[in-house]
file query20.csv (CSV, C-alpha atoms)
chain,number,residue,atom,x,y,z
A,12,MET,CA,5.3,35.5,37.3
A,13,PRO,CA,1.9,37.3,37.1
A,14,ARG,CA,-1.1,35.1,37.5
A,15,GLY,CA,-2.5,36.1,34.1
A,16,GLN,CA,0.7,35.1,32.3
A,17,LYS,CA,0.8,31.7,34.1
A,18,SER,CA,-2.8,31.1,32.9
A,19,LYS,CA,-1.9,31.9,29.3
A,20,LEU,CA,1.2,29.6,29.5
A,21,ARG,CA,-0.9,26.7,30.9
A,22,ALA,CA,-3.6,27.2,28.2
A,23,ARG,CA,-0.9,27.2,25.5
A,24,GLU,CA,0.6,24.0,26.9
A,25,GLN,CA,-2.8,22.3,27.0
A,26,ARG,CA,-3.4,23.3,23.4
A,27,ARG,CA,0.0,21.9,22.4
A,28,GLN,CA,-0.7,18.6,24.2
A,29,ALA,CA,-4.1,18.4,22.6
A,30,ARG,CA,-2.6,18.9,19.1
A,31,ASN,CA,0.0,16.3,19.7
A,32,LYS,CA,-2.6,13.8,20.9
A,33,ALA,CA,-4.7,14.4,17.8
A,34,HIS,CA,-1.7,14.0,15.5
A,35,ALA,CA,-0.8,10.8,17.2
A,36,GLN,CA,-4.3,9.4,16.9
A,37,ARG,CA,-4.6,10.2,13.2
A,38,SER,CA,-1.1,8.7,12.7
A,39,ASP,CA,-2.3,5.4,14.3
A,40,GLU,CA,-5.5,5.4,12.2
A,41,ALA,CA,-3.5,6.0,9.0
A,42,ALA,CA,-1.0,3.3,9.8
A,43,ALA,CA,-3.8,0.8,10.5
A,44,MET,CA,-5.5,1.8,7.2
A,45,GLU,CA,-2.2,1.3,5.3
A,46,GLU,CA,-2.0,-2.2,6.7
A,47,GLU,CA,-5.6,-2.9,5.7
A,48,LEU,CA,-5.3,-1.8,2.1
A,49,PRO,CA,-3.3,-3.6,-0.7
A,50,SER,CA,-0.8,-1.4,-2.4
A,51,SER,CA,-1.7,-1.2,-6.1
A,52,SER,CA,1.6,0.4,-7.1
A,53,SER,CA,3.9,-2.4,-5.8
A,54,ALA,CA,1.3,-4.9,-7.1
A,55,LEU,CA,2.4,-4.1,-10.6
A,56,GLU,CA,5.6,-6.0,-10.3
A,57,ALA,CA,5.6,-9.0,-12.5
A,58,PRO,CA,7.5,-12.2,-11.7
A,59,SER,CA,10.0,-11.5,-14.5
A,60,GLN,CA,10.7,-8.4,-16.5
A,61,SER,CA,13.3,-10.0,-18.8
A,62,THR,CA,11.0,-11.8,-21.1
A,63,SER,CA,10.6,-10.4,-24.6
A,64,PRO,CA,7.1,-9.2,-25.5
A,65,THR,CA,7.4,-11.2,-28.8
A,66,GLU,CA,7.0,-14.5,-27.0
A,67,SER,CA,3.6,-16.2,-26.4
A,68,ASP,CA,2.1,-16.4,-23.0
A,69,SER,CA,5.4,-15.3,-21.3
A,70,SER,CA,4.8,-11.9,-22.9
A,71,PHE,CA,1.6,-11.6,-20.9
A,72,GLN,CA,3.5,-12.2,-17.7
A,73,ALA,CA,6.2,-9.6,-18.4
A,74,SER,CA,4.2,-7.0,-20.2
A,75,GLY,CA,0.6,-7.2,-19.1
A,76,GLY,CA,-0.2,-9.8,-16.6
A,77,ALA,CA,1.2,-8.0,-13.7
A,78,SER,CA,-2.0,-6.5,-12.5
A,79,ALA,CA,-3.2,-9.8,-11.1
A,80,THR,CA,-0.6,-9.5,-8.4
A,81,ALA,CA,-2.6,-7.5,-5.9
A,82,SER,CA,-2.1,-10.4,-3.6
A,83,THR,CA,1.6,-9.9,-3.1
A,84,THR,CA,1.5,-6.8,-1.0
A,85,THR,CA,-1.1,-7.5,1.7
A,86,SER,CA,-0.3,-7.2,5.3
A,87,PRO,CA,0.8,-10.2,7.5
A,88,GLY,CA,-2.1,-12.4,8.3
A,89,ALA,CA,-4.1,-11.1,5.5
A,90,ASP,CA,-5.1,-14.5,4.3
A,91,LYS,CA,-7.3,-14.9,7.5
A,92,THR,CA,-10.4,-13.4,6.0
A,93,SER,CA,-14.0,-13.4,7.2
A,94,SER,CA,-16.1,-14.3,4.2
A,95,ASP,CA,-16.1,-16.5,1.1
A,96,ASP,CA,-15.2,-13.4,-1.0
A,97,GLY,CA,-12.0,-12.8,0.8
A,98,GLU,CA,-13.0,-9.5,2.4
A,99,GLU,CA,-11.8,-8.4,5.8
A,100,SER,CA,-14.0,-7.5,8.8
A,101,GLN,CA,-16.6,-4.9,8.2
A,102,ASP,CA,-15.9,-3.2,11.5
A,103,GLU,CA,-13.4,-0.7,10.2
A,104,ALA,CA,-12.8,3.0,10.6
A,105,VAL,CA,-14.2,5.1,7.7
A,106,SER,CA,-12.1,8.3,8.2
A,107,TYR,CA,-8.7,8.5,6.6
A,108,PHE,CA,-6.6,11.6,6.1
A,109,PRO,CA,-2.9,10.5,5.7
A,110,ALA,CA,-1.8,14.1,5.2
A,111,SER,CA,-2.1,14.5,9.0
A,112,SER,CA,0.1,11.5,9.9
A,113,ALA,CA,3.4,11.7,8.2
A,114,HIS,CA,6.2,14.3,7.7
A,115,ARG,CA,4.4,17.1,9.4
A,116,SER,CA,7.3,19.5,8.6
A,117,GLY,CA,8.4,20.6,5.2
A,118,ARG,CA,6.9,20.0,1.7
A,119,ARG,CA,6.1,16.4,0.9
A,120,SER,CA,7.1,15.1,-2.5
A,121,PRO,CA,4.4,14.6,-5.2
A,122,THR,CA,5.2,10.9,-5.1
A,123,VAL,CA,4.4,10.6,-1.4
A,124,LYS,CA,1.2,12.5,-2.1
A,125,VAL,CA,0.3,10.1,-4.9
A,126,ASP,CA,0.7,7.3,-2.4
A,127,SER,CA,-1.6,9.0,0.1
A,128,VAL,CA,-4.3,9.7,-2.5
A,129,GLU,CA,-4.1,6.2,-3.8
A,130,GLN,CA,-4.6,4.7,-0.3
A,131,PHE,CA,-7.5,7.1,0.3
A,132,LEU,CA,-9.2,6.2,-3.0
A,133,LEU,CA,-8.8,2.5,-2.3
A,134,HIS,CA,-10.3,2.9,1.1
A,135,LYS,CA,-13.3,4.9,-0.2
A,136,PHE,CA,-14.0,2.3,-2.8
A,137,LYS,CA,-13.7,-0.6,-0.4
A,138,VAL,CA,-16.2,0.8,2.1
A,139,ASN,CA,-18.4,2.0,-0.7
A,140,GLN,CA,-18.4,5.7,0.3
A,141,PRO,CA,-18.5,8.8,-2.0
A,142,ILE,CA,-15.1,10.3,-3.0
A,143,LEU,CA,-15.3,14.0,-2.3
A,144,LYS,CA,-13.0,16.5,-3.9
A,145,LYS,CA,-12.6,18.5,-0.7
A,146,GLU,CA,-11.2,15.4,1.1
A,147,ILE,CA,-8.6,14.9,-1.6
A,148,GLU,CA,-7.7,18.6,-1.3
A,149,LYS,CA,-7.3,18.2,2.4
A,150,ILE,CA,-4.9,15.3,1.8
A,151,LEU,CA,-2.8,17.3,-0.7
A,152,GLY,CA,-2.6,20.5,1.4
A,153,GLU,CA,-2.2,24.0,0.1
A,154,GLU,CA,1.3,23.4,-1.2
A,155,HIS,CA,0.1,20.8,-3.8
A,156,GLN,CA,-3.2,22.2,-5.0
A,157,ASP,CA,-1.5,23.2,-8.3
A,158,GLU,CA,-0.6,19.5,-8.9
A,159,TYR,CA,-4.1,18.2,-7.9
A,160,ALA,CA,-5.0,17.0,-11.4
A,161,GLU,CA,-1.7,15.2,-12.1
A,162,ILE,CA,-1.5,13.6,-8.6
A,163,LEU,CA,-5.1,12.4,-8.8
A,164,LYS,CA,-4.5,11.0,-12.4
A,165,LYS,CA,-1.5,9.0,-11.3
A,166,ALA,CA,-3.2,7.6,-8.2
A,167,ALA,CA,-6.2,6.6,-10.2
A,168,GLU,CA,-4.1,4.9,-12.9
A,169,ARG,CA,-2.3,2.8,-10.3
A,170,ILE,CA,-5.6,1.5,-9.1
A,171,GLU,CA,-6.9,1.1,-12.7
A,172,VAL,CA,-4.2,-1.3,-13.8
A,173,VAL,CA,-4.7,-3.6,-10.8
A,174,PHE,CA,-8.5,-3.6,-10.3
A,175,ALA,CA,-9.7,-2.6,-13.8
A,176,ILE,CA,-11.9,0.3,-12.4
A,177,ASP,CA,-11.9,3.8,-13.8
A,178,LEU,CA,-12.2,7.0,-11.8
A,179,LYS,CA,-15.0,9.1,-13.2
A,180,GLU,CA,-16.1,12.6,-12.2
A,181,VAL,CA,-19.7,12.6,-11.1
A,182,ASP,CA,-19.9,16.4,-10.7
A,183,SER,CA,-17.6,19.2,-9.6
A,184,ASN,CA,-17.6,17.9,-6.0
A,185,MET,CA,-17.5,14.1,-6.3
A,186,TYR,CA,-15.8,11.2,-8.1
A,187,GLU,CA,-16.7,7.5,-8.4
A,188,PHE,CA,-15.0,4.3,-9.6
A,189,VAL,CA,-16.7,2.4,-12.5
A,190,SER,CA,-15.8,-1.2,-13.3
A,191,LYS,CA,-14.6,-1.8,-16.9
A,192,LEU,CA,-17.0,-4.8,-17.0
A,193,ASN,CA,-20.5,-5.0,-15.8
A,194,ILE,CA,-19.8,-7.5,-13.0
A,195,PRO,CA,-22.5,-7.1,-10.4
A,196,ASN,CA,-22.1,-4.4,-7.7
A,197,ASN,CA,-19.4,-2.5,-9.6
A,198,GLY,CA,-17.1,-5.4,-9.9
A,199,ARG,CA,-17.5,-6.6,-6.3
A,200,LEU,CA,-19.7,-9.5,-7.4
A,201,ARG,CA,-21.8,-9.3,-4.2
A,202,ALA,CA,-23.4,-6.5,-2.4
A,203,GLY,CA,-21.7,-4.6,0.3
A,204,ARG,CA,-18.1,-3.6,0.9
A,205,GLY,CA,-15.1,-5.3,-0.8
A,206,TRP,CA,-12.7,-5.3,-3.6
A,207,PRO,CA,-13.5,-5.6,-7.3
A,208,LYS,CA,-12.8,-8.8,-9.2
A,209,THR,CA,-12.6,-7.1,-12.6
A,210,GLY,CA,-8.8,-6.9,-12.7
A,211,LEU,CA,-8.5,-10.7,-12.2
A,212,LEU,CA,-11.0,-11.3,-14.9
A,213,MET,CA,-9.3,-9.0,-17.4
A,214,ASN,CA,-6.1,-10.8,-16.8
A,215,ILE,CA,-7.7,-14.2,-17.3
A,216,LEU,CA,-9.3,-12.9,-20.5
A,217,GLY,CA,-5.9,-11.7,-21.6
A,218,PHE,CA,-4.2,-15.0,-20.8
A,219,ILE,CA,-6.9,-16.9,-22.7
A,220,PHE,CA,-6.3,-14.6,-25.7
A,221,MET,CA,-2.5,-15.1,-25.5
A,222,LYS,CA,-3.0,-18.9,-25.5
A,223,GLY,CA,-4.8,-18.9,-28.8
A,224,ASN,CA,-8.3,-18.1,-27.5
A,225,CYS,CA,-8.6,-21.1,-25.2
A,226,ALA,CA,-6.5,-22.0,-22.1
A,227,THR,CA,-6.4,-25.3,-20.3
A,228,GLU,CA,-7.3,-25.3,-16.7
A,229,GLU,CA,-3.8,-26.6,-15.9
A,230,ASP,CA,-2.1,-23.7,-17.8
A,231,LEU,CA,-4.4,-21.1,-16.1
A,232,TRP,CA,-3.5,-22.2,-12.6
A,233,VAL,CA,0.2,-22.4,-13.4
A,234,PHE,CA,-0.1,-18.8,-14.5
A,235,LEU,CA,-2.0,-17.6,-11.5
A,236,LYS,CA,0.4,-19.4,-9.1
A,237,LEU,CA,3.0,-16.9,-10.3
A,238,PHE,CA,1.0,-14.3,-8.5
A,239,GLN,CA,0.3,-16.4,-5.4
A,240,ILE,CA,-3.3,-17.2,-6.4
A,241,TYR,CA,-3.9,-20.9,-5.7
A,242,PRO,CA,-6.9,-23.1,-6.1
A,243,GLY,CA,-8.5,-24.0,-2.8
A,244,LYS,CA,-6.6,-21.3,-0.9
A,245,LYS,CA,-8.6,-18.3,0.2
A,246,HIS,CA,-7.3,-15.0,-1.2
A,247,ILE,CA,-7.6,-11.6,0.5
A,248,ILE,CA,-9.1,-10.0,-2.6
A,249,TYR,CA,-10.7,-12.9,-4.5
A,250,GLY,CA,-11.8,-15.3,-1.9
A,251,GLU,CA,-11.6,-18.9,-3.0
A,252,PRO,CA,-10.2,-18.5,-6.5
A,253,ARG,CA,-11.4,-21.8,-7.9
A,254,LYS,CA,-15.0,-21.0,-6.9
A,255,LEU,CA,-14.8,-17.5,-8.3
A,256,ILE,CA,-13.4,-18.6,-11.6
A,257,SER,CA,-15.0,-21.9,-12.4
A,258,LYS,CA,-18.4,-21.2,-10.8
A,259,ASP,CA,-19.2,-17.5,-10.4
A,260,LEU,CA,-17.5,-16.1,-13.5
A,261,VAL,CA,-18.8,-19.0,-15.6
A,262,HIS,CA,-22.3,-18.6,-14.2
A,263,LEU,CA,-22.2,-14.9,-15.1
A,264,LYS,CA,-21.1,-16.0,-18.6
A,265,TYR,CA,-17.9,-14.1,-18.6
A,266,LEU,CA,-16.0,-17.4,-19.0
A,267,GLU,CA,-16.9,-20.7,-20.7
A,268,TYR,CA,-15.7,-23.9,-19.1
A,269,ARG,CA,-15.7,-27.0,-21.1
A,270,GLN,CA,-14.1,-30.4,-21.5
A,271,VAL,CA,-11.2,-30.5,-23.9
A,272,PRO,CA,-12.4,-32.4,-27.0
A,273,GLY,CA,-11.2,-36.0,-27.1
A,274,SER,CA,-9.3,-35.8,-23.8
A,275,ASP,CA,-9.1,-39.0,-21.8
A,276,PRO,CA,-9.0,-38.8,-18.9
A,277,PRO,CA,-11.1,-35.6,-19.1
A,278,ARG,CA,-9.4,-32.3,-19.1
A,279,HIS,CA,-11.0,-28.9,-19.1
A,280,GLU,CA,-10.3,-25.5,-20.7
A,281,TYR,CA,-11.5,-21.9,-20.5
A,282,LEU,CA,-12.7,-19.6,-23.3
A,283,TRP,CA,-14.2,-16.2,-23.4
A,284,GLY,CA,-17.9,-16.3,-22.5
A,285,PRO,CA,-20.7,-14.4,-24.4
A,286,ARG,CA,-20.7,-11.5,-21.8
A,287,ALA,CA,-17.0,-11.0,-22.2
A,288,HIS,CA,-17.4,-10.8,-26.0
A,289,ALA,CA,-20.3,-8.3,-25.5
A,290,GLU,CA,-18.7,-6.0,-22.9
A,291,THR,CA,-15.1,-5.9,-24.0
A,292,SER,CA,-12.9,-6.8,-26.9
A,293,LYS,CA,-9.4,-8.2,-27.6
A,294,MET,CA,-8.1,-4.7,-28.3
A,295,LYS,CA,-9.5,-3.3,-25.0
A,296,VAL,CA,-7.9,-6.2,-23.1
A,297,LEU,CA,-4.6,-5.5,-24.8
A,298,HIS,CA,-4.8,-1.8,-23.9
A,299,PHE,CA,-5.4,-2.8,-20.3
A,300,LEU,CA,-2.5,-5.2,-20.2
A,301,ALA,CA,-0.2,-2.8,-22.0
A,302,LYS,CA,-1.0,0.0,-19.5
A,303,ALA,CA,-0.4,-2.4,-16.6
A,304,GLY,CA,3.0,-3.4,-18.2
A,305,ALA,CA,4.0,0.2,-19.2
A,306,THR,CA,4.2,-0.8,-22.8
A,307,VAL,CA,2.0,-0.4,-25.9
A,308,PRO,CA,-0.6,-2.8,-27.4
A,309,SER,CA,1.4,-3.3,-30.6
A,310,ALA,CA,4.2,-4.9,-28.5
A,311,PHE,CA,2.0,-8.0,-28.2
A,312,PRO,CA,2.2,-10.6,-31.0
A,313,GLN,CA,-1.6,-10.9,-30.8
A,314,TYR,CA,-2.0,-7.2,-31.8
A,315,GLU,CA,-2.8,-7.9,-35.4
A,316,GLU,CA,-5.6,-10.4,-34.5
A,317,ALA,CA,-7.1,-7.8,-32.1
A,318,LEU,CA,-6.9,-5.1,-34.8
A,319,GLN,CA,-8.6,-7.4,-37.4
A,320,GLU,CA,-11.4,-8.1,-34.9
A,321,GLU,CA,-11.8,-4.3,-34.2
A,322,ARG,CA,-12.0,-3.5,-37.9
A,323,ALA,CA,-14.6,-6.3,-38.5
A,324,ASP,CA,-16.7,-5.0,-35.6
A,325,THR,CA,-16.5,-1.5,-37.0
A,326,ARG,CA,-17.6,-2.7,-40.4
A,327,GLY,CA,-20.4,-4.8,-38.9
A,328,ALA,CA,-21.6,-1.8,-36.8
A,329,GLY,CA,-21.6,0.4,-40.0
A,330,ARG,CA,-23.7,-2.1,-41.9
A,331,ALA,CA,-26.1,-2.4,-39.1
A,332,GLY,CA,-26.5,1.3,-39.0
A,333,THR,CA,-27.0,1.6,-42.7
A,334,SER,CA,-29.6,-1.2,-42.6
A,335,ALA,CA,-31.5,0.5,-39.7
A,336,THR,CA,-31.5,3.8,-41.6
A,337,ALA,CA,-32.8,2.2,-44.8
A,338,ARG,CA,-35.5,0.0,-43.1
A,339,PRO,CA,-38.1,2.8,-42.5
A,340,ASP,CA,-37.9,3.9,-46.1
A,341,SER,CA,-38.4,0.4,-47.4
A,342,MET,CA,-41.5,0.1,-45.3
A,343,ALA,CA,-42.9,3.4,-46.5
A,344,PRO,CA,-45.7,3.2,-49.1
A,345,SER,CA,-44.6,3.9,-52.7
A,346,SER,CA,-45.8,6.9,-54.5
A,347,SER,CA,-48.3,4.8,-56.5
A,348,THR,CA,-49.7,3.3,-53.4
A,349,ARG,CA,-50.1,6.7,-51.8
A,350,SER,CA,-51.9,8.1,-54.9
A,351,ALA,CA,-54.2,5.1,-55.0
A,352,HIS,CA,-55.4,6.0,-51.5

call {"tool": "encode", "arguments": {"input": "query20.csv", "output": "structure tokens"}}
result
Amino acid sequence: MPRGQKSKLRAREQRRQARNKAHAQRSDEAAAMEEELPSSSSALEAPSQSTSPTESDSSFQASGGASATASTTTSPGADKTSSDDGEESQDEAVSYFPASSAHRSGRRSPTVKVDSVEQFLLHKFKVNQPILKKEIEKILGEEHQDEYAEILKKAAERIEVVFAIDLKEVDSNMYEFVSKLNIPNNGRLRAGRGWPKTGLLMNILGFIFMKGNCATEEDLWVFLKLFQIYPGKKHIIYGEPRKLISKDLVHLKYLEYRQVPGSDPPRHEYLWGPRAHAETSKMKVLHFLAKAGATVPSAFPQYEEALQEERADTRGAGRAGTSATARPDSMAPSSSTRSAH
């Protein structure tokens, strides 16, 4: 074989080996990332789907409370966390392109692509990095560019119903997640990397609403245990739940924690705090729970109460607007006063 042809063959083989090595490396990175991230889609599974949405707090479990279950899909050993907030080690890779790692031949289904984009979005939020459109396009590949909007919407909705964060377009090149409540650091509570606590809080607010606008401490923990959230046991997303709920969220005034009147021995209960009333509403919480449970707000027996509150708020806002508009006129000098001057 001529020397030149042998050189070409060797160069071709070296390029092939380099490509295989790069593919294998990216596959390992993607697999490691998938272990690190909780799956928001499987986290939507509630303990029971047989309960009628016309029942009291059981309707919350079946129809809306499922988004508290982000704990059920973490990797083995995930409860061994490195901080009080339940976050993993900060020394993690920051590049993640799952499109390079799986099914390198043939067209991948849109569902698989939704999974990949979902994992990518979760990773970018956790490490607090910008979400670039070009990176999502790279994940989807040329064959799925026409489905870009639908795939991104589905991936974002999966994350929304678990963590209560909304994907917003910053500009034509970038997206960001925004917490549904103004918990510090975009729902993370503390500065740095980590997962938002907003989803848990929205579920707790929903549970309190379902229990008649106050829930005993015992009832709340019975509910949270259904989702493997236990007092005193560190959680991969929420850290030590008792501290988060009874200290942090109470201190931030999202929850009120008080002794049950007349209880002996003393028992305690939770209510909505002033910041919860200011930043959300019963109707918004119902919409969140309904979306998580793939139902509609009117399926909940508390819908009418939420609707009445919404109407009252609308009337109150209208009266405040009318009063604000009228006030400058009432303070203006009368025509007689003006003529006297």

call {"tool": "closest_residue", "arguments": {"input": "query20.csv", "among": "A:Lys164, A:Arg204, A:Val128, A:Leu212", "to": "Leu255 of chain A", "atoms": "only C-alpha atoms"}}
result
A:Leu212

call {"tool": "atom_distance", "arguments": {"input": "query20.csv", "atom1": "atom CA of Ala303 of chain A", "atom2": "atom CA of Gly284 of chain A"}}
result
23.1 Å

call {"tool": "residues_around", "arguments": {"input": "query20.csv", "residues": "Val181 of chain A", "least_positions_apart": "5", "cutoff": "10 Å", "atoms": "only C-alpha atoms", "output": "PDB file with C-alpha atoms, keeping the file's coordinate frame"}}
result
ATOM      1  CA  PRO A 141     -18.500   8.800  -2.000  1.00  0.00           C
ATOM      2  CA  ILE A 142     -15.100  10.300  -3.000  1.00  0.00           C
ATOM      3  CA  LEU A 143     -15.300  14.000  -2.300  1.00  0.00           C
ATOM      4  CA  TYR A 186     -15.800  11.200  -8.100  1.00  0.00           C
ATOM      5  CA  GLU A 187     -16.700   7.500  -8.400  1.00  0.00           C
ATOM      6  CA  PHE A 188     -15.000   4.300  -9.600  1.00  0.00           C
TER       7      PHE A 188
END

call {"tool": "closest_residue", "arguments": {"input": "query20.csv", "among": "A:Leu192, A:Ala317, A:Leu151, A:Met294", "to": "Asp177 of chain A", "atoms": "all atoms listed in the file"}}
result
A:Leu192

call {"tool": "closest_residue", "arguments": {"input": "query20.csv", "among": "A:Val125, A:Lys222, A:Glu24, A:Glu320", "to": "Ser292 of chain A", "atoms": "only C-alpha atoms"}}
result
A:Glu320

call {"tool": "atom_distance", "arguments": {"input": "query20.csv", "atom1": "atom CA of Arg199 of chain A", "atom2": "atom CA of Ile150 of chain A"}}
result
26.5 Å

call {"tool": "atom_distance", "arguments": {"input": "query20.csv", "atom1": "atom CA of Ile215 of chain A", "atom2": "atom CA of Ala167 of chain A"}}
result
22.0 Å

call {"tool": "residues_around", "arguments": {"input": "query20.csv", "residues": "Asn139 of chain A", "least_positions_apart": "5", "cutoff": "12 Å", "atoms": "all atoms listed in the file", "output": "ChimeraX atom specification"}}
result
/A:101,105,132-134,187-189,196-199,202-207

call {"tool": "closest_residue", "arguments": {"input": "query20.csv", "among": "A:Pro272, A:Lys149, A:Asp182, A:Lys302", "to": "Thr227 of chain A", "atoms": "all atoms listed in the file"}}
result
A:Pro272

call {"tool": "closest_residue", "arguments": {"input": "query20.csv", "among": "A:Val123, A:Met185, A:Val261, A:Leu318", "to": "Lys165 of chain A", "atoms": "only C-alpha atoms"}}
result
A:Val123

call {"tool": "closest_residue", "arguments": {"input": "query20.csv", "among": "A:Ile256, A:Glu153, A:Asn214, A:Glu251", "to": "Val173 of chain A", "atoms": "all atoms listed in the file"}}
result
A:Asn214

call {"tool": "decode", "arguments": {"input": "query20.csv", "residues": "segment 321-328 of chain A", "atoms": "all heavy atoms", "output": "PDB file, in the first residue's frame"}}
result
ATOM      1  N   GLU A 321     -60.883  36.291  45.729  1.00  0.00           N
ATOM      2  CA  GLU A 321     -60.389  36.982  44.534  1.00  0.00           C
ATOM      3  C   GLU A 321     -61.310  38.140  44.148  1.00  0.00           C
ATOM      4  O   GLU A 321     -60.853  39.233  43.799  1.00  0.00           O
ATOM      5  CB  GLU A 321     -60.263  35.982  43.382  1.00  0.00           C
ATOM      6  CG  GLU A 321     -59.582  36.532  42.149  1.00  0.00           C
ATOM      7  CD  GLU A 321     -59.387  35.464  41.093  1.00  0.00           C
ATOM      8  OE1 GLU A 321     -60.410  34.893  40.635  1.00  0.00           O
ATOM      9  OE2 GLU A 321     -58.238  35.195  40.714  1.00  0.00           O
ATOM     10  N   ARG A 322     -62.615  37.906  44.218  1.00  0.00           N
ATOM     11  CA  ARG A 322     -63.574  38.976  43.896  1.00  0.00           C
ATOM     12  C   ARG A 322     -63.483  40.116  44.900  1.00  0.00           C
ATOM     13  O   ARG A 322     -63.544  41.298  44.522  1.00  0.00           O
ATOM     14  CB  ARG A 322     -64.987  38.395  43.866  1.00  0.00           C
ATOM     15  CG  ARG A 322     -65.255  37.481  42.667  1.00  0.00           C
ATOM     16  CD  ARG A 322     -66.568  36.772  42.823  1.00  0.00           C
ATOM     17  NE  ARG A 322     -66.887  35.956  41.656  1.00  0.00           N
ATOM     18  CZ  ARG A 322     -67.843  35.031  41.620  1.00  0.00           C
ATOM     19  NH1 ARG A 322     -68.583  34.808  42.704  1.00  0.00           N
ATOM     20  NH2 ARG A 322     -68.061  34.338  40.514  1.00  0.00           N
ATOM     21  N   ALA A 323     -63.330  39.780  46.170  1.00  0.00           N
ATOM     22  CA  ALA A 323     -63.211  40.816  47.195  1.00  0.00           C
ATOM     23  C   ALA A 323     -61.946  41.639  46.990  1.00  0.00           C
ATOM     24  O   ALA A 323     -61.958  42.870  47.140  1.00  0.00           O
ATOM     25  CB  ALA A 323     -63.209  40.178  48.584  1.00  0.00           C
ATOM     26  N   ASP A 324     -60.852  40.969  46.631  1.00  0.00           N
ATOM     27  CA  ASP A 324     -59.605  41.687  46.375  1.00  0.00           C
ATOM     28  C   ASP A 324     -59.747  42.609  45.170  1.00  0.00           C
ATOM     29  O   ASP A 324     -59.221  43.731  45.167  1.00  0.00           O
ATOM     30  CB  ASP A 324     -58.461  40.694  46.134  1.00  0.00           C
ATOM     31  CG  ASP A 324     -58.057  39.959  47.398  1.00  0.00           C
ATOM     32  OD1 ASP A 324     -58.427  40.421  48.500  1.00  0.00           O
ATOM     33  OD2 ASP A 324     -57.376  38.925  47.289  1.00  0.00           O
ATOM     34  N   THR A 325     -60.462  42.139  44.148  1.00  0.00           N
ATOM     35  CA  THR A 325     -60.665  42.961  42.954  1.00  0.00           C
ATOM     36  C   THR A 325     -61.497  44.195  43.278  1.00  0.00           C
ATOM     37  O   THR A 325     -61.176  45.315  42.853  1.00  0.00           O
ATOM     38  CB  THR A 325     -61.368  42.143  41.858  1.00  0.00           C
ATOM     39  OG1 THR A 325     -60.563  41.001  41.542  1.00  0.00           O
ATOM     40  CG2 THR A 325     -61.577  42.973  40.603  1.00  0.00           C
ATOM     41  N   ARG A 326     -62.557  44.012  44.092  1.00  0.00           N
ATOM     42  CA  ARG A 326     -63.382  45.152  44.496  1.00  0.00           C
ATOM     43  C   ARG A 326     -62.581  46.135  45.341  1.00  0.00           C
ATOM     44  O   ARG A 326     -62.668  47.346  45.176  1.00  0.00           O
ATOM     45  CB  ARG A 326     -64.621  44.677  45.261  1.00  0.00           C
ATOM     46  CG  ARG A 326     -65.660  43.985  44.393  1.00  0.00           C
ATOM     47  CD  ARG A 326     -66.974  43.856  45.151  1.00  0.00           C
ATOM     48  NE  ARG A 326     -66.831  43.026  46.340  1.00  0.00           N
ATOM     49  CZ  ARG A 326     -67.040  41.705  46.359  1.00  0.00           C
ATOM     50  NH1 ARG A 326     -67.380  41.077  45.244  1.00  0.00           N
ATOM     51  NH2 ARG A 326     -66.900  41.022  47.482  1.00  0.00           N
ATOM     52  N   GLY A 327     -61.762  45.588  46.257  1.00  0.00           N
ATOM     53  CA  GLY A 327     -60.945  46.450  47.098  1.00  0.00           C
ATOM     54  C   GLY A 327     -59.938  47.242  46.293  1.00  0.00           C
ATOM     55  O   GLY A 327     -59.713  48.432  46.545  1.00  0.00           O
ATOM     56  N   ALA A 328     -59.324  46.597  45.299  1.00  0.00           N
ATOM     57  CA  ALA A 328     -58.367  47.296  44.446  1.00  0.00           C
ATOM     58  C   ALA A 328     -59.059  48.380  43.633  1.00  0.00           C
ATOM     59  O   ALA A 328     -58.507  49.463  43.415  1.00  0.00           O
ATOM     60  CB  ALA A 328     -57.664  46.300  43.524  1.00  0.00           C
TER      61      ALA A 328
END
